[in-house]
Amino acid sequence: MAHLLGGEALHLEYPTHVVFDSVTIGISDGDRIGLVGRNGEGKSSLLGMLSGKIQPNSGRMTQRNGLRVGVLDQSDTLDSDSTIHYAVVGDMADHEWAGDARTRDIIAGLVADLDWEATVGTLSGGQRRRVALAALLVQDWDVVILDEPTNHLDVEGISWLAEHINERWSKNTGGLMVVTHDRWFLDAVCTTTWEVHDGIVEPFEGGYAAYVLQRVERDRIAAVTESKRQNMMKKELAWLRRGAPARTAKPKFRIEAANQLIADVPPVRNPLELKRMATSRLGKDVIDLLDTSVSFGPKQILKPFTWRIGPGERTGLLGANGAGKSTLLGLIAGTVEPSSGKIKRGKTVKLAVLDQQFRELDQIGEDLVREVLGRFRTTFNVDGKDLTPAQLLERLGFSSAHLSTKVRELSGGQRRRLQLLMILMDEPNVMILDEPTNDVDTDMLAALEDLLDSWPGTLIVVSHDRYLLERVTDQQYAILDGHFRHVPGGVDEYLTLRSAQGTGSGSNPSQSSGTEQAKPAGPSGAELRAAQKELNANERKVSQLQEKIAKIHEKMASHDQSDYEGLGKLTAEISELQDQVDELEERWLELSEIVG
């Protein structure tokens with residue numbers, strides 16, 4: 001296959017460390033490459049060198065003459081004053097882009113729910129990200145480089161993107177390089193996986209499942225002494241081979257040795273034992289939602305349904321953005337009152353929620369991690385073994401040095417893991433995880449899943465990460481047009497049902513560009529006043545956060561550009577503030593629908 005893009009003997013270093021030393025890589029026609037590795041190992045730096053945004057200290061970049069390279073990175077370069085229409089298709093006449101099947105499909109798959117003539121500046125961070133992805137994909141490229149393209153996409157959007165990538169080029173043409181923590185997506189689109197670790201780039205054949213299989217076999221052959229990491233990866237491999245064997249059917253390497261390796265590895269979970277333990281902690285009654293419905297004024301969010309949540313159940317919730325998942329979680333947690341029906345809670349229920357905010361961590365930002373852990377129990381039982389808080393922290397990817405770090409100085413991913421650890425050590429018996437994969441790399445996701453495997457309680461998970469959802473839950477339910485229903489076929493059945501009912505929630509630009517849609521009547525009375533009050537407060541909070549972000553940007557502009565550690569901390573602050581803005585803006589959209 002013809003060479004497209006690459007580098008020879010690349011050396012890249014920053015003042016504090018060497019990132020790559022004499023690395024040689026290449027992308028050829030037909031390559032579909034997934035890039036994996038722990039946060040900080042150099043994935044974004046490698047993408048930067050391939051896209052030409054970062055120059056190596058030594059070595060040579062190579063590129064075919066006339067090569068067209070399209071890049072979606074973490075920065076936002078969209079013009080806030082332009083319309084979505086212009087940002088995506090530019091000056092192209094309506095009949096030109098509307099007459100192109102691929103462009104129509106991209107618009108329908110990514111931005112059909114947005115007002116085609118709205119300005120980019122009015123969009124949330126997640127919506128801007130989708131517009132930027134659509135603007136990239138409508139153009140013709142020989143090589144496409146994507147940095148976390150699945151962020152802000154729901155399960156349907158991720159499924160659409162995988163299908164688009166697989167159909168974008170004919171066989172053995174074009175090149176793809178993608179960084180994502182979405183392991184289902186890696187399996188769906190990639191034929192090669194590159195692992196970035198210890199200053200090298202190591203290639204593996206196949207997608208994520210194949211990479212896990214080969215990595216365990218590689219470690220076995222090398223007699224690796226990292227027994228903790230090895231055991232965790234073996235456990236995940238056992239799930240991949242037993243729970244989804246079709247995923248490892250594509251690679252052409254020999255798998256007999258790997259099958260022997262896991263021959264004596266038990267299933268990742270013992271559901272009967274976990275249910276027995278959960279029943280002993282909870283009793284038979286957990287939470288029953290009986291003929292329950294929720295309405296805001298005349299708008300019915302959830303139609304009457306009954307759901308009896310049992311001890312030890314591990315359930316995934318599916319639904320489009322705005323379908324009512326947060327409302328359902330609120331019913332379970334007791335923060336939302338039903339409009340009809342009743343909710344019964346067992347007397348022994350102790351519920352905890354891992355949400356997308358860090359409110360409890362913000363209150364202890366000046367405390368050392370050691371001090372925080374010291375307020376909890378001294379031991380925690382995992383897989384029949386008593387572990388100290390420090391050992392649990394190590395299992396989640398922290399080093400002993402982090403014990404002396406202030407909570408506010410932790411990265412987004414570390415804060416997420418500390419938040420989970422604090423919840424586990426508080427010993428709840430019912431746990432809700434709302435998008436737990438934010439800011440977490442694939443290795444840490446595997447460690448998180450490994451920890452949850454031995455947790456004996458009722459688990460309810462909302463996540464756009466299809467791999468995690470299938471990995472840690474045993475059943476899935478969905479909200480479709482306000483109806484709550486069981487989907488025995490899991491995510492595949494849900495996507496089929498969504499496709500059959502039609503998923504467009506906004507005007508389709510290819511049919512009615514700029515057409516204003518009729519809005520449903522808003523609620524009245526107390527609900528309307530409460531919603532309007534929260535909406536006003538929401539807008540003030542967003543404005544305050546955006547002012548903070550602008551000030552940090554100004555600070556970065558005047559900061560010493562060679563101080564990578566300092567710049568990294570400022571970037572982390574911006575990321576955390578932007579996450580809060582995105583959450584508030586999603587809530588703003590929900591409130592806007594209520595107010596009308």
# chains A, B, ... in the order shown; residues from 1 in each chain; ligands from 1
>>> closest_atom_pairs(of="segment 135-192 of chain A", to="segment 75-78 of chain A", cutoff="12 Å", atoms="only C-alpha atoms", output="tab-separated table")
residue	atom	partner	partner_atom	distance
A:Ala135	CA	A:Leu78	CA	9.6
A:Leu136	CA	A:Leu78	CA	11.2
A:Leu146	CA	A:Ser75	CA	11.8
A:Asp147	CA	A:Ser75	CA	9.9
A:Glu148	CA	A:Ser75	CA	11.3
>>> write_last_selection(atoms="N, CA, C and O atoms", output="PDB file, in the first residue's frame")
ATOM      1  N   ALA A 135     -18.063  20.183   9.840  1.00  0.00           N
ATOM      2  CA  ALA A 135     -17.328  21.029   8.896  1.00  0.00           C
ATOM      3  C   ALA A 135     -16.104  20.301   8.349  1.00  0.00           C
ATOM      4  O   ALA A 135     -15.742  20.471   7.176  1.00  0.00           O
ATOM      5  N   LEU A 136     -15.455  19.500   9.184  1.00  0.00           N
ATOM      6  CA  LEU A 136     -14.297  18.737   8.720  1.00  0.00           C
ATOM      7  C   LEU A 136     -14.712  17.635   7.758  1.00  0.00           C
ATOM      8  O   LEU A 136     -14.130  17.457   6.679  1.00  0.00           O
ATOM      9  N   LEU A 146      -8.314  12.508  13.970  1.00  0.00           N
ATOM     10  CA  LEU A 146      -9.381  12.887  14.899  1.00  0.00           C
ATOM     11  C   LEU A 146      -8.916  12.711  16.339  1.00  0.00           C
ATOM     12  O   LEU A 146      -8.506  11.619  16.736  1.00  0.00           O
ATOM     13  N   ASP A 147      -8.988  13.786  17.128  1.00  0.00           N
ATOM     14  CA  ASP A 147      -8.628  13.744  18.541  1.00  0.00           C
ATOM     15  C   ASP A 147      -9.913  13.807  19.368  1.00  0.00           C
ATOM     16  O   ASP A 147     -10.567  14.838  19.445  1.00  0.00           O
ATOM     17  N   GLU A 148     -10.292  12.682  19.968  1.00  0.00           N
ATOM     18  CA  GLU A 148     -11.510  12.535  20.772  1.00  0.00           C
ATOM     19  C   GLU A 148     -12.768  12.993  20.015  1.00  0.00           C
ATOM     20  O   GLU A 148     -13.503  13.881  20.474  1.00  0.00           O
TER      21      GLU A 148
END
>>> residues_around(residues="His464 of chain A", least_positions_apart="4", cutoff="10 Å", atoms="only C-alpha atoms", output="compact mmCIF listing (two decimals) with all heavy atoms, in the first residue's frame")
# COMPACT_ATOMS: atom_id res chain seq x y z
N THR A 150 -15.53 11.42 19.64
CA THR A 150 -16.79 10.94 20.22
C THR A 150 -17.24 11.76 21.42
O THR A 150 -18.35 11.54 21.93
CB THR A 150 -16.66 9.46 20.65
OG1 THR A 150 -15.62 9.34 21.62
CG2 THR A 150 -16.33 8.58 19.45
N ASN A 151 -16.40 12.69 21.89
CA ASN A 151 -16.83 13.57 22.98
C ASN A 151 -18.08 14.35 22.55
O ASN A 151 -18.14 14.90 21.45
CB ASN A 151 -15.72 14.56 23.36
CG ASN A 151 -14.64 13.90 24.18
OD1 ASN A 151 -14.69 12.70 24.46
ND2 ASN A 151 -13.64 14.68 24.58
N HIS A 152 -19.07 14.41 23.42
CA HIS A 152 -20.32 15.14 23.20
C HIS A 152 -21.24 14.46 22.18
O HIS A 152 -22.24 15.04 21.77
CB HIS A 152 -20.05 16.59 22.76
CG HIS A 152 -19.19 17.35 23.71
ND1 HIS A 152 -19.60 17.71 24.98
CD2 HIS A 152 -17.90 17.79 23.61
CE1 HIS A 152 -18.63 18.36 25.59
NE2 HIS A 152 -17.59 18.41 24.79
N LEU A 153 -20.91 13.23 21.75
CA LEU A 153 -21.83 12.47 20.91
C LEU A 153 -22.53 11.43 21.78
O LEU A 153 -21.92 10.84 22.66
CB LEU A 153 -21.09 11.75 19.78
CG LEU A 153 -20.40 12.61 18.71
CD1 LEU A 153 -19.79 11.72 17.64
CD2 LEU A 153 -21.38 13.58 18.08
N ASP A 154 -23.83 11.22 21.53
CA ASP A 154 -24.53 10.16 22.25
C ASP A 154 -24.31 8.83 21.55
O ASP A 154 -23.57 8.75 20.56
CB ASP A 154 -26.02 10.50 22.41
CG ASP A 154 -26.73 10.70 21.07
OD1 ASP A 154 -26.18 10.28 20.02
OD2 ASP A 154 -27.82 11.27 21.07
N VAL A 155 -24.95 7.78 22.05
CA VAL A 155 -24.74 6.44 21.50
C VAL A 155 -25.08 6.41 20.01
O VAL A 155 -24.35 5.80 19.21
CB VAL A 155 -25.59 5.41 22.27
CG1 VAL A 155 -25.56 4.05 21.56
CG2 VAL A 155 -25.07 5.25 23.70
N GLU A 156 -26.17 7.08 19.63
CA GLU A 156 -26.56 7.09 18.21
C GLU A 156 -25.54 7.84 17.36
O GLU A 156 -25.19 7.41 16.26
CB GLU A 156 -27.93 7.75 18.05
CG GLU A 156 -29.05 6.97 18.70
CD GLU A 156 -30.27 7.84 18.88
OE1 GLU A 156 -31.00 8.03 17.89
OE2 GLU A 156 -30.49 8.34 19.99
N GLY A 157 -25.06 8.99 17.87
CA GLY A 157 -24.08 9.76 17.12
C GLY A 157 -22.78 9.00 16.92
O GLY A 157 -22.17 9.06 15.84
N ILE A 158 -22.35 8.27 17.95
CA ILE A 158 -21.13 7.47 17.84
C ILE A 158 -21.32 6.36 16.83
O ILE A 158 -20.43 6.07 16.02
CB ILE A 158 -20.74 6.92 19.22
CG1 ILE A 158 -20.35 8.07 20.16
CG2 ILE A 158 -19.58 5.93 19.12
CD1 ILE A 158 -20.21 7.68 21.61
N ASP A 182 -13.26 5.82 23.71
CA ASP A 182 -14.42 4.98 23.42
C ASP A 182 -13.96 3.69 22.76
O ASP A 182 -13.66 3.63 21.56
CB ASP A 182 -15.40 5.73 22.50
CG ASP A 182 -16.75 5.03 22.41
OD1 ASP A 182 -16.76 3.84 22.05
OD2 ASP A 182 -17.78 5.66 22.69
N LEU A 317 -28.89 2.70 31.44
CA LEU A 317 -30.01 3.49 30.92
C LEU A 317 -29.61 4.13 29.60
O LEU A 317 -28.56 4.76 29.49
CB LEU A 317 -30.40 4.60 31.92
CG LEU A 317 -31.02 4.16 33.24
CD1 LEU A 317 -31.41 5.39 34.06
CD2 LEU A 317 -32.25 3.29 33.00
N LEU A 318 -30.47 3.96 28.60
CA LEU A 318 -30.23 4.50 27.27
C LEU A 318 -31.29 5.54 26.93
O LEU A 318 -32.44 5.43 27.36
CB LEU A 318 -30.27 3.37 26.22
CG LEU A 318 -29.23 2.26 26.41
CD1 LEU A 318 -29.62 1.04 25.56
CD2 LEU A 318 -27.86 2.74 26.04
N GLY A 319 -30.91 6.51 26.14
CA GLY A 319 -31.86 7.53 25.72
C GLY A 319 -31.12 8.70 25.11
O GLY A 319 -29.99 9.00 25.48
N ALA A 320 -31.76 9.37 24.16
CA ALA A 320 -31.15 10.53 23.52
C ALA A 320 -31.03 11.67 24.53
O ALA A 320 -31.69 11.66 25.57
CB ALA A 320 -31.98 10.96 22.31
N ASP A 434 -23.34 8.67 36.57
CA ASP A 434 -23.79 9.52 35.46
C ASP A 434 -22.57 9.98 34.67
O ASP A 434 -21.82 10.84 35.11
CB ASP A 434 -24.56 10.72 36.02
CG ASP A 434 -25.26 11.52 34.93
OD1 ASP A 434 -25.14 11.14 33.75
OD2 ASP A 434 -25.92 12.53 35.26
N GLU A 435 -22.35 9.38 33.50
CA GLU A 435 -21.21 9.66 32.64
C GLU A 435 -19.89 9.56 33.41
O GLU A 435 -19.15 10.55 33.54
CB GLU A 435 -21.34 11.04 31.98
CG GLU A 435 -22.47 11.15 30.99
CD GLU A 435 -22.32 10.23 29.77
OE1 GLU A 435 -21.20 9.72 29.54
OE2 GLU A 435 -23.32 10.01 29.07
N PRO A 436 -19.55 8.38 33.92
CA PRO A 436 -18.34 8.24 34.74
C PRO A 436 -17.04 8.23 33.95
O PRO A 436 -15.96 8.25 34.55
CB PRO A 436 -18.55 6.88 35.42
CG PRO A 436 -19.36 6.09 34.43
CD PRO A 436 -20.28 7.10 33.80
N THR A 437 -17.10 8.19 32.60
CA THR A 437 -15.87 8.02 31.81
C THR A 437 -15.20 9.33 31.42
O THR A 437 -14.15 9.31 30.78
CB THR A 437 -16.16 7.22 30.52
OG1 THR A 437 -17.05 7.98 29.68
CG2 THR A 437 -16.81 5.89 30.86
N LEU A 468 -18.28 0.54 28.04
CA LEU A 468 -18.42 0.51 29.49
C LEU A 468 -19.81 0.03 29.88
O LEU A 468 -19.97 -0.77 30.81
CB LEU A 468 -18.16 1.89 30.08
CG LEU A 468 -18.45 1.99 31.58
CD1 LEU A 468 -17.20 2.35 32.36
CD2 LEU A 468 -19.55 2.98 31.88
N LEU A 469 -20.83 0.51 29.18
CA LEU A 469 -22.21 0.15 29.51
C LEU A 469 -22.41 -1.36 29.40
O LEU A 469 -23.00 -1.99 30.29
CB LEU A 469 -23.16 0.89 28.56
CG LEU A 469 -24.58 1.14 29.04
CD1 LEU A 469 -24.58 2.08 30.24
CD2 LEU A 469 -25.41 1.74 27.92
>>> atom_distance(atom1="atom CA of Ser404 of chain A", atom2="atom CA of Pro389 of chain A")
13.8 Å
>>> residues_around(residues="Gln544 of chain A", least_positions_apart="5", cutoff="12 Å", atoms="only C-alpha atoms", output="list in words")
Ala537, Asn538, Glu539, Ile549, Ala550, Lys551, Leu577, Gln578, Gln580, Val581 and Leu584 of chain A
>>> atom_distance(atom1="atom CA of Thr292 of chain A", atom2="atom CA of Ser340 of chain A")
5.4 Å
>>> residues_around(residues="Asp140 of chain A", least_positions_apart="3", cutoff="9 Å", atoms="only C-alpha atoms", output="list in words")
Arg68, Val69, Gly70, Leu136 and Leu137 of chain A
>>> residues_around(residues="segment 186-192 of chain A", least_positions_apart="2", cutoff="9 Å", atoms="only C-alpha atoms", output="ChimeraX atom specification")
/A:31-35,159,162-163,165-166,176-184,194,203-211,247,250-251
>>> closest_residue(among="A:Lys43, A:Arg128, A:Arg308, A:Arg498", to="Lys344 of chain A", atoms="only C-alpha atoms")
A:Arg308
>>> select_by_dssp(residues="segment 107-179 of chain A", states="strand (DSSP E or B)", output="PyMOL selection string")
chain A and resi 119+143-147+175-179
>>> residues_around(residues="Arg64 of chain A", least_positions_apart="5", cutoff="7 Å", atoms="only C-alpha atoms", output="list in words")
His3, Leu4 and Leu5 of chain A
>>> select_by_dssp(residues="segment 267-449 of chain A", states="alpha helix (DSSP H)", output="PyMOL selection string")
chain A and resi 271-282+325-333+359-362+369-373+389-395+412-425+442-449
>>> closest_residue(among="A:Val138, A:Ala132, A:Ala352, A:Leu110", to="Trp97 of chain A", atoms="only C-alpha atoms")
A:Val138
>>> atom_distance(atom1="atom CA of Glu371 of chain A", atom2="atom CA of Val353 of chain A")
22.1 Å
>>> closest_residue(among="A:Gly59, A:Gly412, A:Gly199, A:Gly99", to="Leu361 of chain A", atoms="only C-alpha atoms")
A:Gly412
>>> closest_residue(among="A:Ser293, A:Gln363, A:Thr571, A:Thr315", to="Arg471 of chain A", atoms="only C-alpha atoms")
A:Thr315
